[in-house]
>>> print(open('input-v2.csv').read())   # CSV, N, CA and C atoms
chain,number,residue,atom,x,y,z
A,1,MET,N,151.4,57.8,72.5
A,1,MET,CA,150.4,58.7,71.9
A,1,MET,C,149.5,57.9,71.0
A,2,ARG,N,149.6,56.6,71.1
A,2,ARG,CA,148.7,55.6,70.4
A,2,ARG,C,148.5,55.9,68.9
A,3,GLY,N,149.6,56.3,68.3
A,3,GLY,CA,149.6,56.5,66.8
A,3,GLY,C,148.9,57.8,66.4
A,4,LEU,N,148.6,58.6,67.3
A,4,LEU,CA,147.9,59.9,67.0
A,4,LEU,C,148.9,61.1,66.9
A,5,SER,N,150.2,60.8,66.9
A,5,SER,CA,151.1,61.9,66.9
A,5,SER,C,152.2,61.7,65.9
A,6,THR,N,152.9,62.7,65.5
A,6,THR,CA,154.0,62.6,64.5
A,6,THR,C,155.3,63.1,65.2
A,7,PRO,N,156.4,62.3,65.2
A,7,PRO,CA,157.6,62.9,65.8
A,7,PRO,C,158.1,64.1,65.0
A,8,SER,N,158.6,65.0,65.7
A,8,SER,CA,159.1,66.3,65.0
A,8,SER,C,160.5,66.6,65.5
A,9,ALA,N,161.2,67.4,64.7
A,9,ALA,CA,162.5,67.9,65.1
A,9,ALA,C,162.5,69.2,65.8
A,10,MET,N,161.3,69.7,66.0
A,10,MET,CA,161.1,71.0,66.7
A,10,MET,C,159.9,71.1,67.5
A,11,MET,N,159.7,72.2,68.2
A,11,MET,CA,158.5,72.3,69.1
A,11,MET,C,157.2,72.4,68.4
A,12,ILE,N,157.3,72.8,67.1
A,12,ILE,CA,156.1,73.0,66.3
A,12,ILE,C,155.8,71.7,65.5
A,13,ALA,N,154.6,71.2,65.5
A,13,ALA,CA,154.3,70.0,64.8
A,13,ALA,C,154.1,70.2,63.3
A,14,PRO,N,154.3,69.1,62.5
A,14,PRO,CA,154.0,69.2,61.1
A,14,PRO,C,152.6,69.7,60.9
A,15,GLY,N,152.4,70.6,59.9
A,15,GLY,CA,151.0,71.1,59.6
A,15,GLY,C,150.7,72.4,60.3
A,16,ILE,N,151.6,72.8,61.2
A,16,ILE,CA,151.3,74.1,61.9
A,16,ILE,C,152.2,75.1,61.3
A,17,ILE,N,151.7,76.4,61.2
A,17,ILE,CA,152.4,77.5,60.6
A,17,ILE,C,153.7,77.6,61.4
A,18,GLY,N,154.8,77.7,60.7
A,18,GLY,CA,156.1,77.9,61.4
A,18,GLY,C,157.0,76.6,61.3
A,19,TYR,N,156.3,75.5,61.0
A,19,TYR,CA,157.0,74.2,61.0
A,19,TYR,C,158.0,74.2,59.8
A,20,ASN,N,159.2,73.8,60.1
A,20,ASN,CA,160.3,73.9,59.0
A,20,ASN,C,160.7,72.5,58.7
A,21,THR,N,160.5,72.0,57.5
A,21,THR,CA,160.8,70.7,57.0
A,21,THR,C,162.3,70.4,56.9
A,22,SER,N,163.1,71.5,56.9
A,22,SER,CA,164.6,71.3,56.8
A,22,SER,C,165.2,70.8,58.1
A,23,PHE,N,164.5,71.0,59.2
A,23,PHE,CA,165.0,70.5,60.5
A,23,PHE,C,165.0,69.0,60.5
A,24,GLN,N,166.0,68.4,61.0
A,24,GLN,CA,166.1,66.9,61.1
A,24,GLN,C,166.2,66.5,62.5
A,25,ARG,N,165.4,65.4,62.8
A,25,ARG,CA,165.5,64.8,64.2
A,25,ARG,C,166.9,64.2,64.4
A,26,ARG,N,167.4,64.4,65.5
A,26,ARG,CA,168.7,63.7,65.9
A,26,ARG,C,168.4,62.3,66.3
A,27,ALA,N,169.3,61.4,66.0
A,27,ALA,CA,169.2,60.0,66.4
A,27,ALA,C,169.3,59.9,67.9
A,28,TYR,N,168.6,59.0,68.5
A,28,TYR,CA,168.8,58.7,69.9
A,28,TYR,C,170.2,58.1,70.2
A,29,ASP,N,171.0,58.8,70.9
A,29,ASP,CA,172.4,58.4,71.1
A,29,ASP,C,172.8,58.9,72.5
A,30,PRO,N,172.4,58.1,73.6
A,30,PRO,CA,172.7,58.5,74.9
A,30,PRO,C,174.3,58.6,75.2
A,31,GLN,N,175.0,57.7,74.5
A,31,GLN,CA,176.5,57.8,74.7
A,31,GLN,C,177.0,59.1,74.2
A,32,ARG,N,176.5,59.6,73.0
A,32,ARG,CA,177.0,60.9,72.5
A,32,ARG,C,176.5,62.0,73.4
A,33,ALA,N,175.4,61.9,74.0
A,33,ALA,CA,174.9,62.9,75.0
A,33,ALA,C,175.8,63.0,76.2
A,34,ARG,N,176.3,61.8,76.7
A,34,ARG,CA,177.2,61.8,77.8
A,34,ARG,C,178.5,62.4,77.4
A,35,GLU,N,179.0,62.2,76.2
A,35,GLU,CA,180.2,62.8,75.7
A,35,GLU,C,180.1,64.3,75.6
A,36,LEU,N,179.0,64.8,75.1
A,36,LEU,CA,178.8,66.2,75.0
A,36,LEU,C,178.7,66.8,76.4
A,37,LEU,N,178.1,66.2,77.4
A,37,LEU,CA,178.1,66.7,78.7
A,37,LEU,C,179.5,66.8,79.3
A,38,ALA,N,180.3,65.7,79.1
A,38,ALA,CA,181.7,65.7,79.5
A,38,ALA,C,182.5,66.8,78.9
A,39,ALA,N,182.3,67.0,77.6
A,39,ALA,CA,183.0,68.1,76.9
A,39,ALA,C,182.6,69.5,77.4
A,40,ALA,N,181.4,69.6,77.9
A,40,ALA,CA,180.9,70.9,78.4
A,40,ALA,C,181.3,71.1,79.9
A,41,GLY,N,182.0,70.1,80.4
A,41,GLY,CA,182.5,70.3,81.8
A,41,GLY,C,181.6,69.5,82.8
A,42,TYR,N,180.8,68.6,82.4
A,42,TYR,CA,179.9,67.8,83.3
A,42,TYR,C,180.1,66.3,83.1
A,43,PRO,N,181.3,65.8,83.4
A,43,PRO,CA,181.6,64.4,83.1
A,43,PRO,C,180.8,63.5,84.0
A,44,ASN,N,180.3,64.0,85.1
A,44,ASN,CA,179.4,63.2,86.0
A,44,ASN,C,178.0,63.7,86.0
A,45,GLY,N,177.6,64.4,84.9
A,45,GLY,CA,176.3,64.9,84.8
A,45,GLY,C,176.1,66.1,85.7
A,46,PHE,N,174.8,66.4,86.0
A,46,PHE,CA,174.5,67.5,86.9
A,46,PHE,C,173.1,67.3,87.4
A,47,GLU,N,172.7,68.1,88.4
A,47,GLU,CA,171.4,68.0,89.0
A,47,GLU,C,170.6,69.3,88.7
A,48,VAL,N,169.3,69.2,88.4
A,48,VAL,CA,168.5,70.3,88.1
A,48,VAL,C,167.0,70.0,88.6
A,49,THR,N,166.3,71.1,88.9
A,49,THR,CA,164.9,71.0,89.3
A,49,THR,C,164.1,71.3,88.1
A,50,MET,N,163.1,70.5,87.7
A,50,MET,CA,162.3,70.8,86.6
A,50,MET,C,160.8,71.0,87.1
A,51,ASP,N,160.3,72.2,86.9
A,51,ASP,CA,158.9,72.4,87.2
A,51,ASP,C,158.0,71.9,86.1
A,52,CYS,N,156.8,71.4,86.4
A,52,CYS,CA,156.0,70.8,85.4
A,52,CYS,C,154.5,70.9,85.9
A,53,PRO,N,153.6,71.3,85.0
A,53,PRO,CA,152.2,71.3,85.4
A,53,PRO,C,151.7,69.9,85.6
A,54,ASN,N,150.7,69.7,86.4
A,54,ASN,CA,150.1,68.3,86.6
A,54,ASN,C,148.6,68.3,86.3
A,55,ASN,N,148.1,69.5,85.8
A,55,ASN,CA,146.7,69.5,85.5
A,55,ASN,C,146.4,70.4,84.3
A,56,ARG,N,147.3,70.5,83.4
A,56,ARG,CA,147.1,71.3,82.2
A,56,ARG,C,146.8,70.4,81.0
A,57,TYR,N,147.6,69.5,80.8
A,57,TYR,CA,147.5,68.6,79.6
A,57,TYR,C,147.1,67.2,80.1
A,58,VAL,N,146.6,66.4,79.2
A,58,VAL,CA,146.4,65.0,79.4
A,58,VAL,C,147.7,64.3,79.7
A,59,ASN,N,147.9,63.6,80.8
A,59,ASN,CA,149.1,62.9,81.1
A,59,ASN,C,150.3,63.8,81.2
A,60,ASP,N,150.2,65.1,81.5
A,60,ASP,CA,151.3,66.0,81.6
A,60,ASP,C,152.4,65.6,82.6
A,61,GLU,N,151.9,65.2,83.8
A,61,GLU,CA,152.9,64.7,84.8
A,61,GLU,C,153.6,63.4,84.4
A,62,ALA,N,152.9,62.5,83.8
A,62,ALA,CA,153.5,61.3,83.3
A,62,ALA,C,154.5,61.6,82.2
A,63,ILE,N,154.3,62.5,81.4
A,63,ILE,CA,155.2,62.9,80.3
A,63,ILE,C,156.5,63.5,81.0
A,64,CYS,N,156.3,64.3,82.0
A,64,CYS,CA,157.4,64.9,82.7
A,64,CYS,C,158.3,63.8,83.3
A,65,GLN,N,157.6,62.8,83.9
A,65,GLN,CA,158.3,61.7,84.6
A,65,GLN,C,159.1,60.9,83.5
A,66,ALA,N,158.6,60.8,82.3
A,66,ALA,CA,159.3,60.1,81.2
A,66,ALA,C,160.5,60.9,80.9
A,67,VAL,N,160.4,62.2,80.8
A,67,VAL,CA,161.6,63.1,80.5
A,67,VAL,C,162.6,62.9,81.6
A,68,VAL,N,162.2,62.9,82.8
A,68,VAL,CA,163.2,62.7,83.9
A,68,VAL,C,163.9,61.4,83.7
A,69,GLY,N,163.3,60.3,83.4
A,69,GLY,CA,163.9,59.0,83.1
A,69,GLY,C,164.9,59.1,82.0
A,70,MET,N,164.5,59.8,80.9
A,70,MET,CA,165.4,59.9,79.7
A,70,MET,C,166.6,60.6,80.1
A,71,LEU,N,166.5,61.7,80.8
A,71,LEU,CA,167.7,62.5,81.2
A,71,LEU,C,168.6,61.8,82.1
A,72,ALA,N,168.0,60.9,83.0
A,72,ALA,CA,168.8,60.1,83.9
A,72,ALA,C,169.7,59.2,83.2
A,73,LYS,N,169.3,58.7,82.0
A,73,LYS,CA,170.1,57.8,81.2
A,73,LYS,C,171.4,58.4,80.8
A,74,VAL,N,171.5,59.8,80.7
A,74,VAL,CA,172.7,60.4,80.3
A,74,VAL,C,173.4,61.1,81.4
A,75,GLY,N,172.9,61.0,82.6
A,75,GLY,CA,173.6,61.5,83.8
A,75,GLY,C,173.0,62.8,84.3
A,76,VAL,N,171.9,63.2,83.9
A,76,VAL,CA,171.2,64.4,84.4
A,76,VAL,C,170.2,64.0,85.4
A,77,LYS,N,170.4,64.4,86.7
A,77,LYS,CA,169.5,64.1,87.8
A,77,LYS,C,168.5,65.2,87.8
A,78,VAL,N,167.2,64.9,87.6
A,78,VAL,CA,166.2,65.9,87.6
A,78,VAL,C,165.3,65.7,88.8
A,79,ASN,N,165.1,66.7,89.6
A,79,ASN,CA,164.2,66.7,90.7
A,79,ASN,C,162.9,67.3,90.1
A,80,LEU,N,161.9,66.5,89.9
A,80,LEU,CA,160.6,66.9,89.3
A,80,LEU,C,159.7,67.5,90.4
A,81,LEU,N,159.3,68.7,90.0
A,81,LEU,CA,158.3,69.4,90.9
A,81,LEU,C,157.0,69.6,90.1
A,82,ALA,N,156.2,68.6,90.2
A,82,ALA,CA,154.9,68.7,89.5
A,82,ALA,C,153.9,69.5,90.4
A,83,GLN,N,153.1,70.3,89.8
A,83,GLN,CA,152.3,71.2,90.5
A,83,GLN,C,151.1,71.7,89.7
A,84,PRO,N,150.0,72.2,90.3
A,84,PRO,CA,148.9,72.7,89.6
A,84,PRO,C,149.3,73.9,88.7
A,85,LYS,N,148.7,74.0,87.6
A,85,LYS,CA,149.1,75.0,86.6
A,85,LYS,C,149.0,76.4,87.2
A,86,SER,N,148.1,76.7,88.1
A,86,SER,CA,148.0,78.0,88.7
A,86,SER,C,149.4,78.4,89.4
A,87,ILE,N,150.0,77.4,90.0
A,87,ILE,CA,151.3,77.7,90.7
A,87,ILE,C,152.4,77.7,89.6
A,88,TYR,N,152.4,76.7,88.7
A,88,TYR,CA,153.4,76.6,87.7
A,88,TYR,C,153.5,77.8,86.8
A,89,PHE,N,152.4,78.4,86.3
A,89,PHE,CA,152.5,79.6,85.5
A,89,PHE,C,152.9,80.8,86.3
A,90,GLY,N,152.6,80.9,87.5
A,90,GLY,CA,153.1,82.0,88.4
A,90,GLY,C,154.7,81.9,88.4
A,91,LYS,N,155.2,80.8,88.4
A,91,LYS,CA,156.7,80.6,88.4
A,91,LYS,C,157.3,81.0,87.0
A,92,ILE,N,156.6,80.5,86.0
A,92,ILE,CA,157.0,80.8,84.6
A,92,ILE,C,157.1,82.3,84.4
A,93,LEU,N,156.0,83.0,84.9
A,93,LEU,CA,156.0,84.5,84.7
A,93,LEU,C,156.9,85.2,85.6
A,94,ALA,N,157.4,84.6,86.7
A,94,ALA,CA,158.3,85.3,87.6
A,94,ALA,C,159.7,85.6,87.1
A,95,PRO,N,160.4,84.9,86.4
A,95,PRO,CA,160.7,83.5,86.3
A,95,PRO,C,161.6,83.1,87.4
A,96,LYS,N,161.2,82.2,88.2
A,96,LYS,CA,162.0,81.7,89.4
A,96,LYS,C,162.1,80.2,89.4
A,97,LEU,N,162.8,79.7,88.4
A,97,LEU,CA,162.9,78.2,88.3
A,97,LEU,C,164.1,77.8,87.5
A,98,ASP,N,164.6,76.6,87.7
A,98,ASP,CA,165.8,76.1,87.0
A,98,ASP,C,165.4,75.9,85.5
A,99,THR,N,164.4,75.1,85.3
A,99,THR,CA,163.9,74.7,84.0
A,99,THR,C,162.5,74.3,84.1
A,100,SER,N,161.8,74.3,83.0
A,100,SER,CA,160.4,73.9,83.1
A,100,SER,C,160.0,73.0,81.9
A,101,PHE,N,158.9,72.3,82.0
A,101,PHE,CA,158.4,71.6,80.9
A,101,PHE,C,157.1,72.3,80.4
A,102,TYR,N,157.2,72.9,79.3
A,102,TYR,CA,156.1,73.7,78.8
A,102,TYR,C,155.3,72.9,77.8
>>> encode(input="input-v2.csv", output="structure tokens")
Amino acid sequence: MRGLSTPSAMMIAPGIIGYNTSFQRRAYDPQRARELLAAAGYPNGFEVTMDCPNNRYVNDEAICQAVVGMLAKVGVKVNLLAQPKSIYFGKILAPKLDTSFY
């Protein structure tokens, strides 16, 4: 983000109404994530399809690809389905998808 963003512990950025300063960001710990997956019954991870817009935000598809890589490090195989926002939002409203990147 070239220094133009602030990490947050929630979906709402600092300075936006609804931001809660009591939320704390969790430390990056892929080993702990793998342990939690195993405890949840997924010792070998799992596979999911993630729908993502590719023409809504600047670099939206690249961001989705980065998330795919991060999840792969803990054993979650993500099949990325990047698509124009006109198709993506139709699925969001339906809802007919495993998960999405909003």
>>> atom_distance(input="input-v2.csv", atom1="CA of Asn55 (chain A)", atom2="CA of Asp98 (chain A)")
20.3 Å
>>> closest_residue(input="input-v2.csv", among="A:Gln24, A:Gly75, A:Lys85, A:Val58", to="Asn44 (chain A)", atoms="all atoms listed in the file")
A:Gly75
>>> select_by_dssp(input="input-v2.csv", residues="chain A", states="helix (DSSP H, G or I)", output="NGL selection string")
:A and (30-39 or 60-72 or 85-93)
>>> atom_distance(input="input-v2.csv", atom1="CA of Ala27 (chain A)", atom2="CA of Ser100 (chain A)")
23.4 Å
>>> atom_distance(input="input-v2.csv", atom1="CA of Phe23 (chain A)", atom2="atom N of Val74 (chain A)")
23.8 Å
>>> residues_around(input="input-v2.csv", residues="Ala9 (chain A)", least_positions_apart="2", cutoff="12 Å", atoms="only C-alpha atoms", output="compact mmCIF listing (two decimals) with N, CA and C atoms, in the coordinates of the input")
# COMPACT_ATOMS: atom_id res chain seq x y z
N THR A 6 152.90 62.70 65.50
CA THR A 6 154.00 62.60 64.50
C THR A 6 155.30 63.10 65.20
N PRO A 7 156.40 62.30 65.20
CA PRO A 7 157.60 62.90 65.80
C PRO A 7 158.10 64.10 65.00
N MET A 11 159.70 72.20 68.20
CA MET A 11 158.50 72.30 69.10
C MET A 11 157.20 72.40 68.40
N ILE A 12 157.30 72.80 67.10
CA ILE A 12 156.10 73.00 66.30
C ILE A 12 155.80 71.70 65.50
N ALA A 13 154.60 71.20 65.50
CA ALA A 13 154.30 70.00 64.80
C ALA A 13 154.10 70.20 63.30
N PRO A 14 154.30 69.10 62.50
CA PRO A 14 154.00 69.20 61.10
C PRO A 14 152.60 69.70 60.90
N TYR A 19 156.30 75.50 61.00
CA TYR A 19 157.00 74.20 61.00
C TYR A 19 158.00 74.20 59.80
N ASN A 20 159.20 73.80 60.10
CA ASN A 20 160.30 73.90 59.00
C ASN A 20 160.70 72.50 58.70
N THR A 21 160.50 72.00 57.50
CA THR A 21 160.80 70.70 57.00
C THR A 21 162.30 70.40 56.90
N SER A 22 163.10 71.50 56.90
CA SER A 22 164.60 71.30 56.80
C SER A 22 165.20 70.80 58.10
N PHE A 23 164.50 71.00 59.20
CA PHE A 23 165.00 70.50 60.50
C PHE A 23 165.00 69.00 60.50
N GLN A 24 166.00 68.40 61.00
CA GLN A 24 166.10 66.90 61.10
C GLN A 24 166.20 66.50 62.50
N ARG A 25 165.40 65.40 62.80
CA ARG A 25 165.50 64.80 64.20
C ARG A 25 166.90 64.20 64.40
N ARG A 26 167.40 64.40 65.50
CA ARG A 26 168.70 63.70 65.90
C ARG A 26 168.40 62.30 66.30
N ALA A 27 169.30 61.40 66.00
CA ALA A 27 169.20 60.00 66.40
C ALA A 27 169.30 59.90 67.90
>>> residues_around(input="input-v2.csv", residues="Phe46 (chain A)", least_positions_apart="4", cutoff="6.5 Å", atoms="only N, CA and C atoms", output="CSV table (one decimal) with N, CA and C atoms, keeping the file's coordinate frame")
chain,number,residue,atom,x,y,z
A,42,TYR,N,180.8,68.6,82.4
A,42,TYR,CA,179.9,67.8,83.3
A,42,TYR,C,180.1,66.3,83.1
A,75,GLY,N,172.9,61.0,82.6
A,75,GLY,CA,173.6,61.5,83.8
A,75,GLY,C,173.0,62.8,84.3
A,76,VAL,N,171.9,63.2,83.9
A,76,VAL,CA,171.2,64.4,84.4
A,76,VAL,C,170.2,64.0,85.4
A,77,LYS,N,170.4,64.4,86.7
A,77,LYS,CA,169.5,64.1,87.8
A,77,LYS,C,168.5,65.2,87.8
A,78,VAL,N,167.2,64.9,87.6
A,78,VAL,CA,166.2,65.9,87.6
A,78,VAL,C,165.3,65.7,88.8
>>> closest_residue(input="input-v2.csv", among="A:Asn59, A:Ser5, A:Thr49, A:Thr99", to="Leu80 (chain A)", atoms="only N, CA and C atoms")
A:Thr49
>>> select_by_dssp(input="input-v2.csv", residues="chain A", states="strand (DSSP E)", output="PyMOL selection string")
chain A and resi 46-53+76-83+99-100
>>> residues_around(input="input-v2.csv", residues="Lys73 (chain A)", least_positions_apart="2", cutoff="8 Å", atoms="all atoms listed in the file", output="ChimeraX atom specification")
/A:30-31,33-34,67-71,75-77
>>> closest_residue(input="input-v2.csv", among="A:Asp51, A:Pro95, A:Ala62, A:Tyr57", to="Asn79 (chain A)", atoms="all atoms listed in the file")
A:Asp51
